[in-house]
file model.cif (mmCIF, C-alpha atoms and all ligand atoms)
data_model
loop_
_atom_site.label_atom_id
_atom_site.label_comp_id
_atom_site.auth_asym_id
_atom_site.auth_seq_id
_atom_site.Cartn_x
_atom_site.Cartn_y
_atom_site.Cartn_z
CA MET A 1 -20.59 0.09 -20.56
CA LEU A 2 -18.80 -1.41 -17.60
CA ALA A 3 -19.90 -4.82 -16.38
CA LYS A 4 -20.98 -5.09 -12.74
CA GLN A 5 -17.79 -6.91 -11.72
CA ASP A 6 -15.61 -4.29 -13.46
CA LYS A 7 -17.28 -1.55 -11.42
CA ILE A 8 -16.68 -3.49 -8.21
CA ASP A 9 -13.06 -4.10 -9.17
CA ILE A 10 -12.52 -0.40 -9.98
CA TYR A 11 -14.04 0.59 -6.63
CA HIS A 12 -11.74 -1.91 -4.90
CA GLU A 13 -8.72 -0.52 -6.75
CA MET A 14 -9.51 3.10 -5.86
CA ALA A 15 -10.04 2.15 -2.20
CA MET A 16 -6.74 0.25 -2.27
CA ILE A 17 -4.86 3.25 -3.72
CA ARG A 18 -6.37 5.52 -1.02
CA LYS A 19 -5.46 3.17 1.80
CA PHE A 20 -1.97 2.69 0.37
CA GLU A 21 -1.39 6.44 0.40
CA GLU A 22 -2.75 6.89 3.94
CA ARG A 23 -0.43 4.17 5.22
CA ALA A 24 2.51 5.57 3.24
CA SER A 25 1.93 8.92 4.96
CA GLU A 26 2.01 7.20 8.38
CA MET A 27 5.17 5.32 7.45
CA TYR A 28 6.78 8.61 6.41
CA GLU A 29 5.94 10.13 9.80
CA GLN A 30 7.58 7.13 11.46
CA GLY A 31 10.75 7.69 9.43
CA LYS A 32 10.38 4.43 7.49
CA ILE A 33 10.09 6.34 4.22
CA ARG A 34 12.49 9.18 3.50
CA GLY A 35 12.99 11.78 0.79
CA PHE A 36 10.00 13.19 -1.02
CA LEU A 37 6.52 11.69 -0.86
CA HIS A 38 3.81 13.17 -3.10
CA LEU A 39 0.43 11.68 -2.26
CA TYR A 40 -2.27 11.07 -4.87
CA ILE A 41 -5.20 11.24 -2.40
CA GLY A 42 -8.22 12.82 -4.16
CA GLN A 43 -7.06 12.02 -7.70
CA GLU A 44 -7.74 8.25 -7.70
CA ALA A 45 -10.53 8.41 -10.30
CA VAL A 46 -8.08 9.65 -12.93
CA ALA A 47 -5.60 6.77 -12.62
CA SER A 48 -8.27 4.07 -12.33
CA GLY A 49 -10.52 5.48 -15.04
CA PHE A 50 -7.73 5.79 -17.59
CA MET A 51 -5.90 2.58 -16.79
CA TRP A 52 -8.89 0.25 -16.96
CA PRO A 53 -9.39 0.23 -20.77
CA LEU A 54 -5.67 -0.26 -21.53
CA ARG A 55 -4.25 -3.49 -22.92
CA PRO A 56 -1.42 -5.21 -21.05
CA ASP A 57 0.99 -4.42 -23.90
CA ASP A 58 0.25 -0.67 -23.90
CA TYR A 59 2.74 1.69 -22.27
CA VAL A 60 2.24 4.10 -19.37
CA ILE A 61 4.37 7.07 -18.32
CA GLY A 62 3.71 8.95 -15.08
CA ALA A 63 5.17 12.02 -13.40
CA TYR A 64 6.29 12.03 -9.75
CA ARG A 65 2.81 11.84 -8.13
CA GLU A 66 2.55 8.38 -9.60
CA HIS A 67 1.88 5.86 -6.84
CA GLY A 68 -1.77 5.61 -7.88
CA GLN A 69 -0.85 5.08 -11.51
CA ALA A 70 1.71 2.39 -10.71
CA LEU A 71 -0.82 0.62 -8.48
CA GLY A 72 -3.51 0.96 -11.15
CA ARG A 73 -1.20 -0.65 -13.66
CA CYS A 74 -1.21 -3.81 -11.50
CA ALA A 75 2.07 -3.24 -9.72
CA THR A 76 1.29 -4.98 -6.44
CA PRO A 77 1.02 -2.77 -3.33
CA ARG A 78 3.75 -4.79 -1.61
CA ARG A 79 6.30 -4.05 -4.36
CA VAL A 80 5.40 -0.34 -4.48
CA MET A 81 5.50 -0.03 -0.66
CA ALA A 82 8.87 -1.81 -0.60
CA GLU A 83 10.14 0.71 -3.15
CA LEU A 84 9.06 3.61 -0.92
CA PHE A 85 10.97 1.94 1.92
CA GLY A 86 14.05 1.72 -0.37
CA LYS A 87 14.09 -2.07 -0.13
CA SER A 88 15.55 -4.43 -2.73
CA THR A 89 12.15 -6.10 -3.31
CA GLY A 90 10.69 -2.81 -4.57
CA VAL A 91 9.57 -2.28 -8.18
CA SER A 92 12.81 -0.39 -8.90
CA SER A 93 14.93 -2.66 -6.64
CA GLY A 94 14.93 0.04 -3.96
CA LYS A 95 16.97 2.47 -6.06
CA GLY A 96 14.15 4.68 -7.32
CA GLY A 97 11.88 5.52 -4.41
CA SER A 98 8.59 7.37 -4.55
CA MET A 99 9.28 9.38 -7.71
CA HIS A 100 10.87 6.61 -9.79
CA LEU A 101 8.52 3.65 -9.79
CA PHE A 102 9.21 1.49 -12.81
CA ASP A 103 7.75 -1.87 -13.80
CA VAL A 104 8.93 -3.10 -17.16
CA ASP A 105 6.72 -6.23 -17.10
CA ARG A 106 3.64 -4.03 -16.86
CA ARG A 107 5.17 -1.51 -19.26
CA PHE A 108 5.00 1.20 -16.61
CA LEU A 109 8.07 3.21 -17.61
CA GLY A 110 8.24 5.76 -14.80
CA GLY A 111 8.00 7.81 -12.53
CA THR A 112 9.97 10.95 -13.56
CA ALA A 113 10.94 13.69 -11.11
CA ILE A 114 11.51 16.37 -13.73
CA VAL A 115 8.32 18.33 -14.38
CA GLY A 116 7.36 17.64 -18.01
CA GLY A 117 10.16 15.07 -18.31
CA GLY A 118 7.79 12.24 -19.16
CA LEU A 119 6.39 13.88 -22.28
CA PRO A 120 9.46 13.47 -24.53
CA LEU A 121 9.83 9.90 -23.23
CA ALA A 122 6.24 9.16 -24.25
CA THR A 123 7.01 10.61 -27.67
CA GLY A 124 9.98 8.27 -28.07
CA ILE A 125 7.96 5.26 -26.92
CA ALA A 126 5.16 6.08 -29.37
CA PHE A 127 7.70 6.58 -32.16
CA SER A 128 9.12 3.11 -31.44
CA ILE A 129 5.60 1.61 -31.54
CA ASN A 130 5.06 3.01 -35.04
CA TYR A 131 8.59 2.11 -36.15
CA LYS A 132 8.02 -1.52 -35.19
CA GLY A 133 4.55 -1.56 -36.77
CA GLY A 134 2.75 -2.20 -33.45
CA ASP A 135 -0.76 -1.15 -32.46
CA GLN A 136 -0.08 -0.28 -28.81
CA ILE A 137 -0.60 3.19 -27.42
CA CYS A 138 1.30 5.22 -24.84
CA LEU A 139 -0.73 6.79 -22.02
CA CYS A 140 1.16 9.79 -20.63
CA PHE A 141 0.17 11.42 -17.32
CA PHE A 142 1.49 14.81 -16.18
CA GLY A 143 0.39 17.73 -14.01
CA ASP A 144 -0.83 21.22 -14.87
CA GLY A 145 2.67 22.51 -14.08
CA ALA A 146 4.13 20.59 -17.05
CA VAL A 147 2.06 22.56 -19.55
CA ASN A 148 4.37 25.56 -19.12
CA GLU A 149 7.53 23.54 -19.81
CA GLY A 150 9.18 23.69 -23.23
CA ALA A 151 9.21 19.87 -23.34
CA PHE A 152 5.38 19.87 -23.37
CA HIS A 153 5.29 21.91 -26.57
CA GLU A 154 8.07 19.98 -28.28
CA ALA A 155 6.39 16.68 -27.47
CA LEU A 156 2.90 17.70 -28.60
CA ASN A 157 4.23 19.23 -31.79
CA ILE A 158 6.19 16.12 -32.81
CA ALA A 159 3.39 13.77 -31.70
CA SER A 160 0.94 15.54 -33.97
CA LEU A 161 3.35 16.01 -36.87
CA TRP A 162 4.46 12.36 -36.86
CA ASN A 163 1.05 10.80 -36.03
CA LEU A 164 2.19 9.21 -32.79
CA PRO A 165 -0.24 7.05 -30.75
CA ILE A 166 -0.15 8.94 -27.44
CA LEU A 167 -2.99 9.82 -25.13
CA PHE A 168 -1.78 12.86 -23.17
CA VAL A 169 -3.53 13.16 -19.81
CA CYS A 170 -3.06 16.42 -17.94
CA GLU A 171 -4.16 16.03 -14.34
CA ASN A 172 -5.14 19.59 -13.56
CA ASN A 173 -5.33 19.62 -9.76
CA LEU A 174 -5.36 23.44 -9.86
CA TYR A 175 -1.90 23.88 -8.30
CA GLY A 176 1.76 23.34 -9.15
CA MET A 177 3.34 23.28 -5.68
CA GLY A 178 1.85 26.42 -4.04
CA THR A 179 1.04 28.25 -7.28
CA ALA A 180 -2.52 28.29 -8.61
CA VAL A 181 -2.91 27.55 -12.33
CA GLU A 182 -4.24 31.01 -13.14
CA ARG A 183 -1.11 32.56 -11.62
CA ALA A 184 1.18 30.37 -13.73
CA SER A 185 -0.61 29.95 -17.03
CA ALA A 186 -1.58 32.81 -19.38
CA VAL A 187 -4.26 30.47 -20.77
CA PRO A 188 -5.71 28.70 -17.73
CA ASN A 189 -8.00 26.41 -19.78
CA LEU A 190 -5.17 23.97 -20.32
CA TYR A 191 -6.87 21.95 -23.08
CA ARG A 192 -6.57 25.05 -25.26
CA ARG A 193 -2.78 24.79 -25.05
CA ALA A 194 -3.01 21.41 -26.81
CA GLN A 195 -5.67 22.42 -29.30
CA CYS A 196 -3.21 24.51 -31.29
CA TYR A 197 -1.22 21.34 -32.10
CA SER A 198 -4.12 20.02 -34.19
CA MET A 199 -5.19 17.14 -32.01
CA ASP A 200 -8.51 16.20 -30.44
CA VAL A 201 -8.84 17.68 -26.96
CA GLU A 202 -11.38 16.92 -24.24
CA THR A 203 -11.98 17.88 -20.63
CA VAL A 204 -13.43 15.60 -17.99
CA ASP A 205 -14.53 15.75 -14.35
CA GLY A 206 -11.58 13.97 -12.77
CA MET A 207 -13.59 13.24 -9.60
CA ASP A 208 -16.09 11.05 -11.49
CA VAL A 209 -14.53 7.71 -12.34
CA LEU A 210 -17.39 6.63 -14.60
CA ALA A 211 -17.07 9.79 -16.71
CA VAL A 212 -13.29 9.35 -16.83
CA HIS A 213 -13.60 5.71 -17.82
CA GLU A 214 -16.13 6.40 -20.57
CA LEU A 215 -13.90 9.08 -22.11
CA ALA A 216 -10.73 7.01 -21.70
CA ASP A 217 -12.31 3.98 -23.34
CA ARG A 218 -13.37 6.02 -26.36
CA LEU A 219 -10.10 7.92 -26.74
CA ILE A 220 -7.83 4.91 -26.25
CA LYS A 221 -9.69 3.15 -29.09
CA GLN A 222 -9.46 6.30 -31.20
CA VAL A 223 -5.72 6.79 -30.64
CA ARG A 224 -5.11 3.09 -31.40
CA ASN A 225 -7.20 3.06 -34.59
CA GLU A 226 -6.31 6.43 -36.02
CA LYS A 227 -2.68 6.48 -34.84
CA ARG A 228 -3.07 10.10 -33.83
CA PRO A 229 -2.41 11.72 -30.46
CA ALA A 230 -5.23 13.11 -28.30
CA PHE A 231 -5.25 15.24 -25.17
CA VAL A 232 -7.40 15.22 -22.04
CA GLU A 233 -7.54 17.78 -19.25
CA ALA A 234 -8.87 15.93 -16.20
CA VAL A 235 -9.89 18.48 -13.56
CA THR A 236 -9.18 17.10 -10.12
CA TYR A 237 -7.82 18.07 -6.70
CA ARG A 238 -5.21 16.77 -4.30
CA PHE A 239 -6.62 16.67 -0.79
CA ARG A 240 -3.17 16.76 0.85
CA GLY A 241 -0.25 19.14 0.39
CA HIS A 242 2.12 19.12 -2.57
CA SER A 243 4.33 16.72 -0.63
CA VAL A 244 3.96 15.47 2.92
CA ALA A 245 6.19 18.34 4.05
CA ASP A 246 3.82 21.04 2.68
CA PRO A 247 1.79 22.98 5.28
CA GLY A 248 -0.55 24.06 2.45
CA THR A 249 -1.15 27.64 3.55
CA TYR A 250 -1.96 28.79 -0.01
CA ARG A 251 -5.41 27.13 -0.07
CA SER A 252 -8.42 28.02 2.06
CA LYS A 253 -10.10 25.49 4.36
CA GLU A 254 -13.38 26.17 2.52
CA GLU A 255 -11.85 25.32 -0.85
CA ILE A 256 -10.44 22.03 0.46
CA GLU A 257 -13.77 21.18 2.14
CA ASP A 258 -15.67 21.91 -1.08
CA TRP A 259 -13.52 19.46 -2.99
CA ARG A 260 -13.59 16.87 -0.22
CA ARG A 261 -17.35 16.78 -0.58
CA ARG A 262 -16.69 15.52 -4.10
CA ASP A 263 -14.41 12.71 -2.91
CA PRO A 264 -14.21 10.37 -5.93
CA ILE A 265 -14.36 7.19 -3.84
CA VAL A 266 -17.34 8.30 -1.75
CA GLN A 267 -19.16 9.50 -4.88
CA PHE A 268 -18.54 6.26 -6.73
CA GLY A 269 -19.51 4.20 -3.68
CA ASN A 270 -22.80 6.12 -3.44
CA THR A 271 -23.52 5.49 -7.12
CA LEU A 272 -22.88 1.76 -6.66
CA LEU A 273 -25.17 1.69 -3.61
CA ARG A 274 -27.92 3.60 -5.43
CA GLU A 275 -27.91 1.30 -8.43
CA GLY A 276 -27.77 -1.80 -6.21
CA THR A 277 -24.35 -2.98 -7.41
CA LEU A 278 -23.05 -2.96 -3.82
CA THR A 279 -24.65 -3.07 -0.36
CA PRO A 280 -23.25 -1.16 2.63
CA GLU A 281 -21.95 -4.52 3.90
CA ASP A 282 -20.12 -5.10 0.61
CA ILE A 283 -18.45 -1.69 0.94
CA GLU A 284 -17.41 -2.45 4.50
CA LYS A 285 -15.95 -5.78 3.39
CA ILE A 286 -13.99 -4.15 0.54
CA GLN A 287 -12.58 -1.59 2.99
CA ASP A 288 -11.57 -4.40 5.38
CA ASP A 289 -9.96 -6.41 2.57
CA VAL A 290 -8.04 -3.38 1.37
CA ALA A 291 -6.81 -2.57 4.90
CA ARG A 292 -5.52 -6.15 5.25
CA GLU A 293 -3.87 -6.02 1.82
CA ILE A 294 -2.02 -2.81 2.74
CA ASP A 295 -1.05 -4.10 6.20
CA GLU A 296 0.49 -7.06 4.43
CA ALA A 297 2.31 -4.70 2.00
CA VAL A 298 3.77 -2.72 4.91
CA GLN A 299 4.89 -5.93 6.63
CA PHE A 300 6.50 -7.13 3.40
CA ALA A 301 8.36 -3.82 3.06
CA GLU A 302 9.49 -3.95 6.71
CA ASP A 303 10.74 -7.52 6.38
CA SER A 304 12.59 -6.97 3.08
CA PRO A 305 16.34 -6.25 2.99
CA PHE A 306 17.95 -3.04 1.77
CA PRO A 307 19.91 -3.42 -1.49
CA LYS A 308 23.44 -4.75 -1.00
CA PRO A 309 26.32 -2.28 -1.61
CA GLU A 310 27.37 -4.20 -4.74
CA ALA A 311 23.91 -3.55 -6.22
CA LEU A 312 25.17 0.00 -6.85
CA TYR A 313 26.81 -1.32 -10.01
CA GLN A 314 23.79 -3.32 -11.21
CA ASP A 315 21.10 -1.94 -13.56
CA VAL A 316 23.41 0.87 -14.61
CA TYR A 317 22.95 1.90 -18.23
CA ALA A 318 26.10 3.12 -19.93
C1 LIG A 401 11.88 21.04 -14.60
C2 LIG A 401 11.49 21.17 -13.17
N1 LIG A 401 11.26 22.40 -12.66
C3 LIG A 401 10.89 22.53 -11.36
C4 LIG A 401 10.75 21.43 -10.56
C5 LIG A 401 10.32 21.61 -9.11
N2 LIG A 401 8.92 21.14 -8.98
C6 LIG A 401 8.67 19.94 -8.44
S1 LIG A 401 7.04 19.63 -8.43
C7 LIG A 401 6.64 21.09 -9.14
C8 LIG A 401 5.21 21.45 -9.41
C9 LIG A 401 4.58 20.67 -10.51
O1 LIG A 401 3.18 20.78 -10.47
P1 LIG A 401 2.22 19.91 -11.36
O2 LIG A 401 2.87 19.60 -12.65
O3 LIG A 401 0.92 20.62 -11.41
O4 LIG A 401 2.07 18.52 -10.59
P2 LIG A 401 1.32 18.20 -9.21
O5 LIG A 401 2.34 18.36 -8.13
O6 LIG A 401 0.19 19.14 -9.05
O7 LIG A 401 0.89 16.79 -9.34
C10 LIG A 401 7.79 21.82 -9.37
C11 LIG A 401 7.81 23.17 -9.97
C12 LIG A 401 11.01 20.16 -11.13
N3 LIG A 401 10.89 19.03 -10.44
N4 LIG A 401 11.35 20.05 -12.45
MG MG A 402 -0.81 20.37 -10.32
#
call {"tool": "encode", "arguments": {"input": "model.cif", "output": "structure tokens"}}
result
Amino acid sequence: MLAKQDKIDIYHEMAMIRKFEERASEMYEQGKIRGFLHLYIGQEAVASGFMWPLRPDDYVIGAYREHGQALGRCATPRRVMAELFGKSTGVSSGKGGSMHLFDVDRRFLGGTAIVGGGLPLATGIAFSINYKGGDQICLCFFGDGAVNEGAFHEALNIASLWNLPILFVCENNLYGMGTAVERASAVPNLYRRAQCYSMDVETVDGMDVLAVHELADRLIKQVRNEKRPAFVEAVTYRFRGHSVADPGTYRSKEEIEDWRRRDPIVQFGNTLLREGTLTPEDIEKIQDDVAREIDEAVQFAEDSPFPKPEALYQDVYA
């Protein structure tokens, strides 16, 4: 059970992630952010619900739609925004950008642009946890598109065979770029793809943060205690295009509207109002606080310098 303050903090975090993404989209249109920008809007309940029960010494791996996950893992909005701007104060010193957020202090080890590329990394991290006799876990996020990559199958096979402490979280937002899951996957119930590797599998409504949190809390404890991998298919939806450059002609207006009615932040806000945890004034104040916090993050990014040319040779692994 979540304490009252935890619920308020989770609501604040989800509202902050949403506002961050909306402002990032504006900054992209103004040419302040370049390259790819994949927004997480609509999927906030997955990042917040899964991240909340983690310990600070656990590890997290994301894919390339990972702003929400990096922010949920306590990377401050100012350092993530600065990274999107390519500034030296960013989480990856301005050399990673949107798809390569990395925060070693918070054990957020990417941000990977290669679809499915995070899964073998998670396997290696979990192997190192066992090798060193630790009791951390690795939480590994990826999209529905990754399930059809060879790396997915190699990683799940080894994780199960070697009893690795990984919680695999597939964010099934029903599309990989413009391709619907049922057009890409012979078995569209993605949890069934993991079931054949002899691990516990679950599905969850990825628009309901309380349901996500309850499941995450239970499975994180299970993975930690049993030192066995587990798999979750969180069914969710991205309200925007694949990237900000996507006109999104492959989805109907009705479908998008249907999912928007299940907006995870609005739903959670309504629950908190109904149970008396928050008043409408509290919600308004949280929204104002979040807007200020993100304004400050944008200002910080604007004011920060670009990396110096000599920084090209720093942080290079050889
Ligand atoms: C190995 C590889 N193949 C193809 C691509 C091109 N690509 C970029 S995103 C994407 C779709 C991935 O969809 P999904 O995993 O469902 O993530 P979502 O965008 O829905 O979050 C593809 C095919 C890539 N980045 N890496
Ligand atoms: Mg997808």
call {"tool": "closest_residue", "arguments": {"input": "model.cif", "among": "A:Tyr175, A:Phe306, A:Trp259, A:Phe239", "to": "ligand MG 402 (chain A)", "atoms": "only C-alpha atoms and all ligand atoms"}}
result
A:Tyr175
call {"tool": "residues_near_ligand", "arguments": {"input": "model.cif", "ligand": "ligand MG 402 (chain A)", "cutoff": "8 Å", "atoms": "all atoms listed in the file", "output": "number ranges by chain"}}
result
A: 143-145, 171-177, 181
call {"tool": "closest_residue", "arguments": {"input": "model.cif", "among": "A:Arg292, A:His153, A:Arg65, A:His213", "to": "Met51 in chain A", "atoms": "all atoms listed in the file"}}
result
A:His213
call {"tool": "atom_distance", "arguments": {"input": "model.cif", "atom1": "CA of Tyr317 in chain A", "atom2": "CA of Ser88 in chain A"}}
result
18.3 Å
call {"tool": "residues_near_point", "arguments": {"input": "model.cif", "point": "(-19.0, -3.7, -12.6)", "cutoff": "12 Å", "atoms": "all atoms listed in the file", "output": "tab-separated table (two decimals) with C-alpha atoms, in the frame of the given file"}}
result
chain	number	residue	atom	x	y	z
A	1	MET	CA	-20.59	0.09	-20.56
A	2	LEU	CA	-18.80	-1.41	-17.60
A	3	ALA	CA	-19.90	-4.82	-16.38
A	4	LYS	CA	-20.98	-5.09	-12.74
A	5	GLN	CA	-17.79	-6.91	-11.72
A	6	ASP	CA	-15.61	-4.29	-13.46
A	7	LYS	CA	-17.28	-1.55	-11.42
A	8	ILE	CA	-16.68	-3.49	-8.21
A	9	ASP	CA	-13.06	-4.10	-9.17
A	10	ILE	CA	-12.52	-0.40	-9.98
A	11	TYR	CA	-14.04	0.59	-6.63
A	12	HIS	CA	-11.74	-1.91	-4.90
A	52	TRP	CA	-8.89	0.25	-16.96
A	210	LEU	CA	-17.39	6.63	-14.60
A	268	PHE	CA	-18.54	6.26	-6.73
A	269	GLY	CA	-19.51	4.20	-3.68
A	271	THR	CA	-23.52	5.49	-7.12
A	272	LEU	CA	-22.88	1.76	-6.66
A	275	GLU	CA	-27.91	1.30	-8.43
A	276	GLY	CA	-27.77	-1.80	-6.21
A	277	THR	CA	-24.35	-2.98	-7.41
A	278	LEU	CA	-23.05	-2.96	-3.82
call {"tool": "closest_residue", "arguments": {"input": "model.cif", "among": "A:Ile17, A:Ala146, A:Leu139, A:Val60", "to": "Ala291 in chain A", "atoms": "only C-alpha atoms"}}
result
A:Ile17
call {"tool": "residues_around", "arguments": {"input": "model.cif", "residues": "Pro77 in chain A", "least_positions_apart": "5", "cutoff": "7 Å", "atoms": "all atoms listed in the file", "output": "PyMOL selection string"}}
result
chain A and resi 71+294+297
call {"tool": "closest_residue", "arguments": {"input": "model.cif", "among": "A:Gln222, A:Gln30, A:Thr236, A:Thr76", "to": "ligand LIG 401 (chain A)", "atoms": "only C-alpha atoms and all ligand atoms"}}
result
A:Thr236
call {"tool": "closest_residue", "arguments": {"input": "model.cif", "among": "A:Gly97, A:Lys227, A:Ala186, A:Phe102", "to": "Ile129 in chain A", "atoms": "all atoms listed in the file"}}
result
A:Lys227
call {"tool": "closest_residue", "arguments": {"input": "model.cif", "among": "A:Gly111, A:Gly248, A:Gly42, A:Gly118", "to": "Ala155 in chain A", "atoms": "only C-alpha atoms"}}
result
A:Gly118
call {"tool": "atom_distance", "arguments": {"input": "model.cif", "atom1": "CA of Arg262 in chain A", "atom2": "CA of Ala211 in chain A"}}
result
13.9 Å
call {"tool": "residues_around", "arguments": {"input": "model.cif", "residues": "Arg224 in chain A", "least_positions_apart": "4", "cutoff": "9 Å", "atoms": "all atoms listed in the file", "output": "MDAnalysis selection string"}}
result
chainID A and resid 135:137 165:166 219:220 228
call {"tool": "axis_aligned_box", "arguments": {"input": "model.cif", "around": "ligand LIG 401 (chain A)", "padding_each_side": "4 Å", "output": "JSON"}}
result
{"center_x": 6.0, "center_y": 20.0, "center_z": -11.4, "size_x": 19.7, "size_y": 14.4, "size_z": 14.5}
call {"tool": "atom_distance", "arguments": {"input": "model.cif", "atom1": "CA of Ala113 in chain A", "atom2": "CA of Tyr40 in chain A"}}
result
14.8 Å
call {"tool": "residues_around", "arguments": {"input": "model.cif", "residues": "Tyr28 in chain A", "least_positions_apart": "6", "cutoff": "12 Å", "atoms": "all atoms listed in the file", "output": "number ranges by chain"}}
result
A: 21-22, 34-39, 81, 84-85, 98, 243-245, 298
call {"tool": "residues_near_point", "arguments": {"input": "model.cif", "point": "(-9.1, 0.7, -15.6)", "cutoff": "10 Å", "atoms": "all atoms listed in the file", "output": "list in words"}}
result
Asp6, Lys7, Asp9, Ile10, Glu13, Ala45, Val46, Ala47, Ser48, Gly49, Phe50, Met51, Trp52, Pro53, Leu54, Arg55, Gly72, Arg73, Cys74, Val209, Val212, His213, Ala216 and Asp217 of chain A
call {"tool": "decode", "arguments": {"input": "model.cif", "residues": "range 267-279 of chain A", "atoms": "N, CA and C atoms", "output": "tab-separated table (two decimals), in the first residue's frame"}}
result
chain	number	residue	atom	x	y	z
A	267	GLN	N	-6.55	10.20	-14.99
A	267	GLN	CA	-7.17	9.10	-14.22
A	267	GLN	C	-6.67	9.08	-12.78
A	268	PHE	N	-5.37	9.20	-12.63
A	268	PHE	CA	-4.79	9.13	-11.28
A	268	PHE	C	-5.23	10.34	-10.45
A	269	GLY	N	-5.25	11.51	-11.10
A	269	GLY	CA	-5.72	12.72	-10.42
A	269	GLY	C	-7.15	12.54	-9.93
A	270	ASN	N	-8.01	11.96	-10.77
A	270	ASN	CA	-9.41	11.75	-10.38
A	270	ASN	C	-9.51	10.79	-9.20
A	271	THR	N	-8.68	9.75	-9.21
A	271	THR	CA	-8.69	8.81	-8.08
A	271	THR	C	-8.29	9.55	-6.80
A	272	LEU	N	-7.26	10.38	-6.89
A	272	LEU	CA	-6.79	11.08	-5.69
A	272	LEU	C	-7.82	12.09	-5.19
A	273	LEU	N	-8.57	12.68	-6.12
A	273	LEU	CA	-9.65	13.60	-5.72
A	273	LEU	C	-10.76	12.83	-5.03
A	274	ARG	N	-11.15	11.71	-5.66
A	274	ARG	CA	-12.26	10.89	-5.13
A	274	ARG	C	-11.97	10.40	-3.72
A	275	GLU	N	-10.74	9.97	-3.48
A	275	GLU	CA	-10.44	9.41	-2.15
A	275	GLU	C	-10.03	10.50	-1.16
A	276	GLY	N	-10.02	11.76	-1.62
A	276	GLY	CA	-9.74	12.87	-0.71
A	276	GLY	C	-8.27	13.09	-0.42
A	277	THR	N	-7.39	12.45	-1.20
A	277	THR	CA	-5.95	12.66	-1.00
A	277	THR	C	-5.55	14.06	-1.46
A	278	LEU	N	-6.18	14.52	-2.55
A	278	LEU	CA	-5.89	15.86	-3.07
A	278	LEU	C	-7.20	16.62	-3.28
A	279	THR	N	-7.12	17.94	-3.20
A	279	THR	CA	-8.26	18.80	-3.57
A	279	THR	C	-7.97	19.38	-4.96
